[in-house]
Amino acid sequence: MSTRLATGGRLIDHAAPMTFTFNGKEMQGYAGDTLASALLANDRMLVGRSFKYHRPRGIMASGAEEPNALVGLGRDGQFEPNQRATTTELFDGLESTSQNHWPSLDHDIGAVNQYLGRVLPAGFYYKMFLYPRAFWKHVYEPFIRHSAGLGKAPQDRDADSYEHFHVHVDVLVIGGGIAGLQAACAAGRTGAKVLLIEQTAHWGGRAPVDGGVVDGISVDAFTQNLIAELDAMENVTMRLRTMGAGVYDHGYVLGYERRTDHAPDMGGPRHRLWRIRAARTITATGAIERPLSFSGNDIPGVMLASAVRDYAVNFGVAVGDRTLVVTNNDDGYRTAIALKNLGLDVPAVIDARPAGGGALAQEAASLGIRIETGKAVAKALGGKRITGAAVCAQAGTGSVDEEIECDCIAMSGGWSPVVHLWSHCGGKLIWDADHAFFRPDPARPPLGAEGQGVVMAAGSANGALDLAIALADADYAGRKAAEATGYRPKRGRPPEAEQAGEAPILPVWQMPEGADQTLRAKTWLDFQNDVKVTDVQLAAREGFESVEHTKRYTTLGMATDQGKLSNINGLAVLSEALGQAIPATGTTTFRPPYTPISMGAIAGEARGDLFQPLRRTPMHEWHEANGAEWEPVGQWRRPYCYIQGDETPADAVTREVTAVRQSLGLLDASTLGKIIVKGPDAGQFLDMMYTNMMSNLGIGKCRYGLMCNENGFLIDDGVVARIDADTWLCHTTTGGADHIHAHMEEWLQTEWWDWQVYTANVTEQWAQIAVVGPNARNLLEKFTDDDLSAEAFPFMTWKDVTLNSVRARVFRISFSGELSYEVATPAGMGRAVWNELLAGAEEFGATTYGTEALHVLRAEKGFIMIGDETDGTVTPQDLCLNWAVSKKKHDFIGKRGQQRSHLCDPKRWRLVGLQTLDGSVLPDGAYAATQARNANGQRKTIGRVTSTYYSPTLKRGIAMGLVENGPQRMGEVIDFPMLDGTVQQVRIVDPVQYDKAGEKQNV
Amino acid sequence: MKRYSAFAIAREALRFHSGWERAWRSPAPKKRYDVIIVGAGGHGLASAYYLGKNFGITNVAVLEKGWLGGGNTGRNTTIIRSNYLQDPSAAIYEKARSLYETMSQDLNYNVMFSPRGVIMLAQTHHEVRGYQRTAYANALQGVETQFIGPDKVKELCPIISLEGPRYPVLGGLWQPRGGTARHDAVAWGYARACSDMGMDIIQQCEVTGIRKDGGKVTGVDTTKGAMDCGQLGLVVAGHSGVLAEMAGFRLPVESLALQALVSEPVKPCMDVVVMANTVHGYMSQSDKGEMVIGGGTDGFNNYTQRGSFHHIEETVRALIETFPMISRLKMLRQWGGIVDMTGDRSPILSKTPVEGVFVNCGWGTGGFKSIPGSGWGMAELMAKGHSPLTEEFSMYRFREGKFIDESVAAGVAH
Amino acid sequence: MLMLKCPYCGVMADETELSAGGEAHLKRFGPQSSAEDFEGYLFARENPKGVHVERWRHVNGCGKWFHAARCTLTLEVFGTYSAQVTAPPQDIRDAIRAKHPDWRWRDMA
């Protein structure tokens, strides 16, 4: 059984016991444990079920590469599915649950799938569930969806917070193993600014577990010295629990810090996303041990040899009482030796190499461990737990020599450098046949902004598995990286380690070599996704020759571990099936992140109220306190209407429109864009920007202007006021302020840069209040002695007016057809003026009104609205605004575009008013159609509604729309098909449906 | 071709699946083909398939620089919908959607078309009006859609938050017969069917030159030798511009990176596809259980198949506002594809200045959902010289100013 | 995640500070131009797999437009320069041609 040893465990604190639960059962662990080591200490071997066959699965690894031990952690707003037990630090009160089974982990109905394994080969779903057609949606797919998936989806809103960090460094070192420490030290000693990050909670990586001697001291002591030296350097920052998640272009690297996962009560952000810009990055990300491919290699109790060693040395956990070691390289012997030294039983080391191993093998033999060379595991025995192994010759087909009783099999198929981060941004790999792995090709690194290599791999991540070579390699990388960023490394020798005399690895991709179909069909490559050797062979036979095809067809490497254990083994099987060398097959593309990172961390702080900034006018709080129904307009909120008492929004709009038409209304118009255009060439510039002439606008006058893009389509409109000889104030739509200002700047900076013009977006510098209605003048006159008479202050002019003591700029313009003034004051005075005007307006029965009343008022008058009458495909001519398009100007933005054949087509849809015969309100978006159909069977449309409202003034529906050749069809009745099959008959009328003569505004 | 079925699988199981034949042949190129299609992605293979199926033209080669289906066909978010505003778009996307419904049976290959329904959220008043307009347009186009209120949105997708602090859900455009399909299977299914008709799919074969004689195409040079052809179809998405230059004309396309990501798989929690265009994000759940997420494109020309991470941040941020529960899911993998964008963001299916050369490109972010319709129209265009499906998508529309602009209703994300 | 140096304010700007503006040095064609020229001006963009000369705006910074020469295959940047020129300056061309001797841009010499 799997047990805790009485002593030992370099990472745990025997004096600090902790309680946690697994599937509701209370268990004990120690501070320093991972959830995986604690589960093993409690003899919990079966921890999950696989994706497809629901096979029982146990812990296989001790780190980020773990494919099986995925659990749900926490509860409610802190529940998280699919967390790897091997990278989850234990804390007191941790709650965990296993996944992907029903009704329970030990008795899972889904496990019946494993008996159907033979009819569920790779890609089976492409070949079946075809008939009857309706069954896919209603029967097959729901079934597949429910048996797939892993953990439960979280239900609640996330209770934790997240944040982003931004850092710039000279040298970023990813990985705090011995190579990373050495590289960081070498770089740090030059004075370069260094950031060193390590994904686990400990520095040193696996070197202290594997042992050795460096510069005459133990590797553990050497590591401690490096940490102390780094700690003392002010130019070096070190972070544990921070993973290098992805390497991107131009030296951008993502770090993922799991700040409080191990201590949920600590407070503060749970995860932190580090957005790092590094001049040079060193990937000292280590290597991952490969499993061996033998039948039954997925049974709980089969584990990577290095993991068995980690659990024993780091956590004082013996995974088995009797551990059989099976290997094709010398490293496996380290596990045998470590276990033996702890007093555990190692019945044998099965070494696939006919000649056996080197110095470590001798050491194992000297400890009395039985060594079988040229042998293989034919089959692991057991169901939910290993009971033994059938041993055979590696060179044969699997005829069993003997069965060895054991409760753990520690396997080592060799090591693969972690090349993910190197590869994310274009770093290339080479196949190292001597060591049977892909390693970074130093000649083809990821390139930076200047075309230079910006990433270096170091240590075992660079293929230097031997401690002595790894240290020298890391020292070199650290110096080189610092040098490349402008620092000068001092002379000095790299640390020297004793080199172990290792015998070469024998690549073993199938155990035994000639394993028959029955064995191969139980030999797992991808443990989580249940991909077996036979699946990859089938894919190759069916023509899925590209490694990308095979991956997608079999799902090899597509699980949450992204193939960290399975990719190379799968690749080798595929290459063999295709009869080609491994490098000819190539690898799949490595994509970020290295291991999954939380969506919360990606989003960072910007959630809820911080998701996007809210822009507020000076009167925002007043609106809020006075019943505003908000309408989001860009990043602003504008009152749609103000609800009084039991009113519905429609009631409120009717009340507001009526008040304006009959007496007085006030509108917060502050969001309207205001752009100052100033300079000797400002007039000339505005003549290019607007379709009509602006250079000849008199000082003190206002003019309505239209703006188009180069394609000739209308993009914005607004009133332009001439302030003085070289200053114009351009009003834009609310949504247009920023992009119209940008549009102006673009033309000024990139086309007419020799014109002397300055622009400034002053939208937020001004509060603007529209005072609208027959009593508008009466109201303003209460606050000023200035002459506001029609003669002294005519329509389409502006004036500086002192309202009480506040100097305001007042525009006499109208978007409602009423007598109307827009009062602009410095933003800081806006609220005060608003309050005063409101108080003064009470005697007129005035109301404030919102955007909907504004729309109704303008629609009654046939005024167009950008975004309603326009949609990016509409020209001024379409809107019958030819009067605002200069014929005299030889050029303006959009003029050439409007000359194109489709834009002068006489059959274009043009603006008209629309009136239903029954007086009802036409629905928004409705189209007019004839009975004809086009070649694709679609009804021929001849027009559409662009604005439609109930008019409280006219007491019926009013609408505007674009109709084919509309202005020539006044009085004609056309059909608008409704969605319920009925037809609405609509008469084409003048767009101006109220006060056509304009008498109300000319008073 | 051996037919696929549950019985076939049972039969093969008895002999350890040793009898499965290649899904498609891997032939050596012939000297001459009636039609050469460049690009064995979904669009190229579909074009070839319908040339054979609808017009009996089977002396066809489909040339592929890499591996078939290895481009955007295999790196998109697999959404299928046809709720487009403009008539030409609605026609071709609806044709595609209807062909997806029967594709598995037609190809004898389960492409897992899942008509689970697509909601496009309306989160501003402007979007509400835009989608109401689309619903009216769709009714006249024969596309079944409906504008639904917030309650119905919540009923269809319980994990959605209607009350985002910035953009409340005001309703949505619902296309019940939209959905998703297994993207790789679409390419593989077409490839198998094309191969079965005798067409040659030649992978690892890059076109290096286009041969002309007096303004008419006569063949191509490739890394596997020269081949003659009567007609040439260029169907290579982000790389269209390069091939057009080879043929001697310029296409109004720019190549940009579009990114996507998936979460780790979880048990079913979302039965529809949701698109939120105001905040630029969309999400669905794959049959495997992953949340499949996409957003907008990067703004600069890019052939690297890598995008910039801040777009991922923006997309995820937007979707957490819409689906708060995904905050505690983890991103498993992110990737990018190269999309070809035209001046109006609508595709080009067109004759070209070179006689016999046809182009099918510019699908931008909407390529996957259109594959069968695009192939159908392209085949008709090449076989008959014109097709009602492709007529409005001519490359010459830009000169006339006759755009097909889908951004007008609301948003442009696919 | 690009970084470009804004030639106006001198800041090494992160991509999040910038907005891309498409091909640089376009010649504007106005009301008297031919249909072909006008179409070319608006739509026929250079789209090379290689060095691209393009416009950027330091939008969340000094607000200025500038130009950059950048490879679309490697994202290598050969330099940034003023928006107020009609062709890439010599030092930029030299930097490009040092790595891409055959580089050409439209009809520029």
# chains A, B, ... in the order shown; residues from 1 in each chain; ligands from 1
$ interface_residues --of "chain C" --to "chain A" --cutoff "9 Å" --atoms "only C-alpha atoms" --output "NGL selection string"
:C and (1-4 or 25 or 27-33 or 35 or 38 or 42 or 57 or 59 or 63-66 or 70 or 74-79 or 83-85)
$ write_last_selection --atoms "N, CA and C atoms" --output "compact mmCIF listing (two decimals), in the first residue's frame"
# COMPACT_ATOMS: atom_id res chain seq x y z
N MET C 1 2.71 40.67 -29.40
CA MET C 1 2.62 41.95 -28.71
C MET C 1 3.78 42.82 -29.15
N LEU C 2 3.49 43.64 -30.12
CA LEU C 2 4.54 44.47 -30.69
C LEU C 2 4.97 45.57 -29.73
N MET C 3 6.17 46.06 -29.97
CA MET C 3 6.62 47.30 -29.34
C MET C 3 7.23 48.14 -30.45
N LEU C 4 6.80 49.38 -30.54
CA LEU C 4 7.34 50.26 -31.56
C LEU C 4 7.77 51.57 -30.89
N HIS C 25 2.10 55.74 -47.04
CA HIS C 25 2.49 56.45 -48.28
C HIS C 25 1.49 56.25 -49.42
N LYS C 27 -1.06 57.35 -52.07
CA LYS C 27 -1.31 58.61 -52.77
C LYS C 27 -2.82 58.77 -52.90
N ARG C 28 -3.31 59.92 -52.41
CA ARG C 28 -4.75 60.15 -52.46
C ARG C 28 -5.17 60.53 -53.88
N PHE C 29 -6.28 59.92 -54.32
CA PHE C 29 -6.86 60.29 -55.59
C PHE C 29 -8.22 60.95 -55.35
N GLY C 30 -8.41 62.12 -55.90
CA GLY C 30 -9.61 62.91 -55.64
C GLY C 30 -10.58 62.92 -56.81
N PRO C 31 -11.45 63.93 -56.85
CA PRO C 31 -12.57 63.96 -57.78
C PRO C 31 -12.21 63.80 -59.26
N GLN C 32 -11.01 64.20 -59.67
CA GLN C 32 -10.72 64.11 -61.11
C GLN C 32 -10.06 62.78 -61.50
N SER C 33 -9.90 61.89 -60.54
CA SER C 33 -9.12 60.69 -60.83
C SER C 33 -9.96 59.65 -61.57
N ALA C 35 -11.43 55.81 -62.44
CA ALA C 35 -12.04 54.77 -61.61
C ALA C 35 -10.99 53.81 -61.09
N PHE C 38 -8.84 55.47 -58.37
CA PHE C 38 -9.56 55.65 -57.12
C PHE C 38 -9.76 54.31 -56.41
N LEU C 42 -8.20 53.23 -52.65
CA LEU C 42 -8.98 52.81 -51.49
C LEU C 42 -8.81 51.33 -51.13
N ARG C 57 -0.63 54.85 -35.10
CA ARG C 57 -0.89 56.05 -34.31
C ARG C 57 -0.61 55.75 -32.84
N VAL C 59 -1.90 56.25 -30.15
CA VAL C 59 -3.22 56.79 -29.77
C VAL C 59 -3.35 56.97 -28.26
N GLY C 63 -0.50 60.74 -29.35
CA GLY C 63 -1.55 60.98 -30.33
C GLY C 63 -1.07 61.15 -31.76
N LYS C 64 0.23 61.03 -31.96
CA LYS C 64 0.78 61.29 -33.29
C LYS C 64 0.78 60.04 -34.17
N TRP C 65 0.59 60.26 -35.44
CA TRP C 65 0.78 59.20 -36.44
C TRP C 65 2.27 59.07 -36.74
N PHE C 66 2.67 57.88 -37.04
CA PHE C 66 4.04 57.68 -37.53
C PHE C 66 4.06 56.47 -38.45
N ARG C 70 8.04 46.91 -41.14
CA ARG C 70 7.95 45.73 -40.29
C ARG C 70 7.74 44.50 -41.17
N THR C 74 8.04 37.73 -39.61
CA THR C 74 8.82 37.59 -38.38
C THR C 74 8.48 38.67 -37.36
N LEU C 75 7.77 39.69 -37.80
CA LEU C 75 7.44 40.87 -36.99
C LEU C 75 8.68 41.69 -36.65
N GLU C 76 9.78 41.43 -37.33
CA GLU C 76 10.97 42.27 -37.15
C GLU C 76 10.67 43.69 -37.61
N VAL C 77 11.16 44.64 -36.83
CA VAL C 77 10.92 46.06 -37.15
C VAL C 77 12.22 46.68 -37.64
N PHE C 78 12.14 47.33 -38.80
CA PHE C 78 13.35 47.93 -39.36
C PHE C 78 13.48 49.40 -39.04
N GLY C 79 12.50 49.90 -38.31
CA GLY C 79 12.58 51.30 -37.88
C GLY C 79 11.23 51.98 -37.98
N ALA C 83 5.57 60.55 -40.04
CA ALA C 83 4.43 60.37 -40.95
C ALA C 83 4.44 61.42 -42.05
N GLN C 84 5.27 62.47 -41.87
CA GLN C 84 5.22 63.58 -42.81
C GLN C 84 6.25 63.44 -43.92
N VAL C 85 6.32 62.25 -44.48
CA VAL C 85 7.19 62.03 -45.64
C VAL C 85 6.41 61.16 -46.61
$ residues_around --residues "Ser19 (chain C)" --least-positions-apart "3" --cutoff "8 Å" --atoms "only C-alpha atoms" --output "PyMOL selection string"
(chain B and resi 299) or (chain C and resi 15-16+56-59)
$ residues_around --residues "Lys888 (chain A)" --least-positions-apart "3" --cutoff "12 Å" --atoms "only C-alpha atoms" --output "list of chain:residue names"
A:Asp687, A:Thr691, A:Asn692, A:Met693, A:Trp883, A:Ala884, A:Val885, A:Asp891, A:Phe892, A:Lys895
$ interface_residues --of "chain A" --to "chain B" --cutoff "7 Å" --atoms "only C-alpha atoms" --output "ChimeraX atom specification"
/A:80,118-119,125-128,130,137,144-146,148-158,541-543,546,560,591-593,595-600,602-603,607-609,632,871-872,900-903,924-927,935-936,938-939,979
$ closest_residue --among "B:Ser374, B:Gln231, B:Asn76, B:Thr208" --to "Val292 (chain B)" --atoms "only C-alpha atoms"
B:Asn76
$ closest_atom_pairs --of "chain C" --to "chain B" --cutoff "7 Å" --atoms "only C-alpha atoms" --output "Markdown table"
| residue | atom | partner | partner_atom | distance |
| --- | --- | --- | --- | --- |
| C:Met1 | CA | B:Ser308 | CA | 4.6 |
| C:Ala20 | CA | B:Gly299 | CA | 5.5 |
| C:Gly22 | CA | B:Phe300 | CA | 6.7 |
| C:Ala35 | CA | B:Arg399 | CA | 6.4 |
| C:Glu39 | CA | B:Arg399 | CA | 5.2 |
| C:Phe43 | CA | B:Pro252 | CA | 5.3 |
| C:Ala44 | CA | B:Pro252 | CA | 4.7 |
| C:Arg45 | CA | B:Pro252 | CA | 6.3 |
| C:Asn47 | CA | B:Glu254 | CA | 5.6 |
| C:Lys49 | CA | B:Tyr303 | CA | 6.7 |
| C:Thr72 | CA | B:Asn302 | CA | 4.7 |
| C:Leu73 | CA | B:Tyr303 | CA | 5.2 |
| C:Thr74 | CA | B:Thr304 | CA | 6.9 |
$ write_last_selection --atoms "N, CA and C atoms" --output "PDB file, in the first residue's frame"
ATOM      1  N   MET C   1       2.706  40.668 -29.402  1.00  0.00           N
ATOM      2  CA  MET C   1       2.625  41.948 -28.708  1.00  0.00           C
ATOM      3  C   MET C   1       3.784  42.820 -29.148  1.00  0.00           C
ATOM      4  N   ALA C  20      -3.136  50.478 -35.307  1.00  0.00           N
ATOM      5  CA  ALA C  20      -2.570  50.274 -36.633  1.00  0.00           C
ATOM      6  C   ALA C  20      -3.405  50.995 -37.672  1.00  0.00           C
ATOM      7  N   GLY C  22      -2.795  50.656 -41.318  1.00  0.00           N
ATOM      8  CA  GLY C  22      -2.697  50.157 -42.689  1.00  0.00           C
ATOM      9  C   GLY C  22      -1.507  50.708 -43.459  1.00  0.00           C
ATOM     10  N   ALA C  35     -11.425  55.812 -62.439  1.00  0.00           N
ATOM     11  CA  ALA C  35     -12.044  54.771 -61.605  1.00  0.00           C
ATOM     12  C   ALA C  35     -10.985  53.807 -61.094  1.00  0.00           C
ATOM     13  N   GLU C  39     -10.090  53.286 -57.175  1.00  0.00           N
ATOM     14  CA  GLU C  39     -10.237  51.952 -56.583  1.00  0.00           C
ATOM     15  C   GLU C  39      -8.913  51.493 -55.977  1.00  0.00           C
ATOM     16  N   PHE C  43      -8.549  50.480 -52.135  1.00  0.00           N
ATOM     17  CA  PHE C  43      -8.663  49.043 -51.847  1.00  0.00           C
ATOM     18  C   PHE C  43      -7.456  48.192 -52.181  1.00  0.00           C
ATOM     19  N   ALA C  44      -6.679  48.566 -53.191  1.00  0.00           N
ATOM     20  CA  ALA C  44      -5.604  47.661 -53.608  1.00  0.00           C
ATOM     21  C   ALA C  44      -4.380  47.890 -52.731  1.00  0.00           C
ATOM     22  N   ARG C  45      -4.350  47.174 -51.639  1.00  0.00           N
ATOM     23  CA  ARG C  45      -3.271  47.353 -50.675  1.00  0.00           C
ATOM     24  C   ARG C  45      -2.127  46.377 -50.921  1.00  0.00           C
ATOM     25  N   ASN C  47       0.181  43.668 -49.627  1.00  0.00           N
ATOM     26  CA  ASN C  47      -0.099  42.666 -48.585  1.00  0.00           C
ATOM     27  C   ASN C  47       1.015  41.634 -48.574  1.00  0.00           C
ATOM     28  N   LYS C  49       4.094  39.040 -47.873  1.00  0.00           N
ATOM     29  CA  LYS C  49       4.678  38.172 -46.841  1.00  0.00           C
ATOM     30  C   LYS C  49       6.121  38.626 -46.756  1.00  0.00           C
ATOM     31  N   THR C  72       6.058  41.059 -41.955  1.00  0.00           N
ATOM     32  CA  THR C  72       4.813  40.404 -41.546  1.00  0.00           C
ATOM     33  C   THR C  72       5.005  38.918 -41.254  1.00  0.00           C
ATOM     34  N   LEU C  73       6.185  38.395 -41.566  1.00  0.00           N
ATOM     35  CA  LEU C  73       6.446  36.976 -41.289  1.00  0.00           C
ATOM     36  C   LEU C  73       7.169  36.773 -39.963  1.00  0.00           C
ATOM     37  N   THR C  74       8.037  37.734 -39.608  1.00  0.00           N
ATOM     38  CA  THR C  74       8.819  37.587 -38.376  1.00  0.00           C
ATOM     39  C   THR C  74       8.479  38.671 -37.364  1.00  0.00           C
TER      40      THR C  74
END
$ select_by_dssp --residues "region 181-304 of chain B" --states "alpha helix (DSSP H)" --output "ChimeraX atom specification"
/B:183-196,240-247
$ write_last_selection --atoms "C-alpha atoms" --output "mmCIF file, in the first residue's frame"
data_model
loop_
_atom_site.group_PDB
_atom_site.id
_atom_site.type_symbol
_atom_site.label_atom_id
_atom_site.label_comp_id
_atom_site.auth_asym_id
_atom_site.auth_seq_id
_atom_site.Cartn_x
_atom_site.Cartn_y
_atom_site.Cartn_z
ATOM 1 C CA HIS B 183 -14.278 21.490 -38.231
ATOM 2 C CA ASP B 184 -11.652 18.882 -39.095
ATOM 3 C CA ALA B 185 -14.328 16.405 -40.069
ATOM 4 C CA VAL B 186 -15.670 18.791 -42.696
ATOM 5 C CA ALA B 187 -12.306 18.848 -44.457
ATOM 6 C CA TRP B 188 -11.753 15.115 -44.017
ATOM 7 C CA GLY B 189 -15.262 14.229 -45.163
ATOM 8 C CA TYR B 190 -14.980 16.316 -48.320
ATOM 9 C CA ALA B 191 -11.484 14.986 -48.979
ATOM 10 C CA ARG B 192 -12.661 11.389 -48.698
ATOM 11 C CA ALA B 193 -15.607 12.054 -51.000
ATOM 12 C CA CYS B 194 -13.467 13.901 -53.565
ATOM 13 C CA SER B 195 -10.907 11.137 -53.550
ATOM 14 C CA ASP B 196 -13.683 8.619 -54.035
ATOM 15 C CA SER B 240 -4.683 34.633 -51.722
ATOM 16 C CA GLY B 241 -2.816 37.852 -52.314
ATOM 17 C CA VAL B 242 0.425 36.002 -52.960
ATOM 18 C CA LEU B 243 -1.121 33.642 -55.512
ATOM 19 C CA ALA B 244 -2.971 36.465 -57.226
ATOM 20 C CA GLU B 245 0.340 38.277 -57.665
ATOM 21 C CA MET B 246 1.665 35.093 -59.288
ATOM 22 C CA ALA B 247 -1.230 35.146 -61.718
#
$ atom_distance --atom1 "CA of Lys799 (chain A)" --atom2 "CA of Lys701 (chain A)"
9.0 Å
$ decode --residues "region 264-281 of chain A" --atoms "N, CA and C atoms" --output "PDB file, in the first residue's frame"
ATOM      1  N   PRO A 264      -5.890  30.338   1.002  1.00  0.00           N
ATOM      2  CA  PRO A 264      -7.062  31.109   0.574  1.00  0.00           C
ATOM      3  C   PRO A 264      -7.434  32.236   1.544  1.00  0.00           C
ATOM      4  N   ASP A 265      -6.981  32.145   2.785  1.00  0.00           N
ATOM      5  CA  ASP A 265      -7.360  33.183   3.750  1.00  0.00           C
ATOM      6  C   ASP A 265      -6.412  34.382   3.745  1.00  0.00           C
ATOM      7  N   MET A 266      -5.408  34.336   2.879  1.00  0.00           N
ATOM      8  CA  MET A 266      -4.386  35.373   2.887  1.00  0.00           C
ATOM      9  C   MET A 266      -4.950  36.733   2.466  1.00  0.00           C
ATOM     10  N   GLY A 267      -5.983  36.706   1.641  1.00  0.00           N
ATOM     11  CA  GLY A 267      -6.538  37.972   1.161  1.00  0.00           C
ATOM     12  C   GLY A 267      -5.781  38.491  -0.038  1.00  0.00           C
ATOM     13  N   GLY A 268      -6.349  39.500  -0.674  1.00  0.00           N
ATOM     14  CA  GLY A 268      -5.714  40.044  -1.872  1.00  0.00           C
ATOM     15  C   GLY A 268      -6.043  39.206  -3.086  1.00  0.00           C
ATOM     16  N   PRO A 269      -5.495  39.600  -4.215  1.00  0.00           N
ATOM     17  CA  PRO A 269      -5.828  38.909  -5.463  1.00  0.00           C
ATOM     18  C   PRO A 269      -5.413  37.446  -5.424  1.00  0.00           C
ATOM     19  N   ARG A 270      -6.226  36.610  -6.022  1.00  0.00           N
ATOM     20  CA  ARG A 270      -5.931  35.177  -6.034  1.00  0.00           C
ATOM     21  C   ARG A 270      -4.794  34.874  -7.012  1.00  0.00           C
ATOM     22  N   HIS A 271      -4.932  35.374  -8.212  1.00  0.00           N
ATOM     23  CA  HIS A 271      -3.884  35.172  -9.209  1.00  0.00           C
ATOM     24  C   HIS A 271      -3.427  36.517  -9.730  1.00  0.00           C
ATOM     25  N   ARG A 272      -2.205  36.497 -10.225  1.00  0.00           N
ATOM     26  CA  ARG A 272      -1.648  37.719 -10.769  1.00  0.00           C
ATOM     27  C   ARG A 272      -1.053  37.363 -12.131  1.00  0.00           C
ATOM     28  N   LEU A 273      -1.421  38.128 -13.119  1.00  0.00           N
ATOM     29  CA  LEU A 273      -0.844  37.914 -14.439  1.00  0.00           C
ATOM     30  C   LEU A 273       0.283  38.909 -14.618  1.00  0.00           C
ATOM     31  N   TRP A 274       1.482  38.410 -14.789  1.00  0.00           N
ATOM     32  CA  TRP A 274       2.651  39.273 -14.993  1.00  0.00           C
ATOM     33  C   TRP A 274       2.824  39.502 -16.481  1.00  0.00           C
ATOM     34  N   ARG A 275       2.773  40.755 -16.856  1.00  0.00           N
ATOM     35  CA  ARG A 275       2.984  41.089 -18.271  1.00  0.00           C
ATOM     36  C   ARG A 275       4.415  41.610 -18.353  1.00  0.00           C
ATOM     37  N   ILE A 276       5.272  40.731 -18.816  1.00  0.00           N
ATOM     38  CA  ILE A 276       6.714  40.985 -18.721  1.00  0.00           C
ATOM     39  C   ILE A 276       7.265  41.349 -20.098  1.00  0.00           C
ATOM     40  N   ARG A 277       8.058  42.406 -20.123  1.00  0.00           N
ATOM     41  CA  ARG A 277       8.858  42.695 -21.312  1.00  0.00           C
ATOM     42  C   ARG A 277      10.305  42.437 -20.943  1.00  0.00           C
ATOM     43  N   ALA A 278      10.886  41.460 -21.590  1.00  0.00           N
ATOM     44  CA  ALA A 278      12.260  41.092 -21.268  1.00  0.00           C
ATOM     45  C   ALA A 278      13.115  41.240 -22.512  1.00  0.00           C
ATOM     46  N   ALA A 279      14.270  41.868 -22.321  1.00  0.00           N
ATOM     47  CA  ALA A 279      15.186  41.975 -23.453  1.00  0.00           C
ATOM     48  C   ALA A 279      15.687  40.585 -23.856  1.00  0.00           C
ATOM     49  N   ARG A 280      15.954  39.769 -22.855  1.00  0.00           N
ATOM     50  CA  ARG A 280      16.328  38.375 -23.108  1.00  0.00           C
ATOM     51  C   ARG A 280      15.587  37.480 -22.123  1.00  0.00           C
ATOM     52  N   THR A 281      15.194  36.313 -22.627  1.00  0.00           N
ATOM     53  CA  THR A 281      14.523  35.341 -21.770  1.00  0.00           C
ATOM     54  C   THR A 281      15.312  34.042 -21.798  1.00  0.00           C
TER      55      THR A 281
END
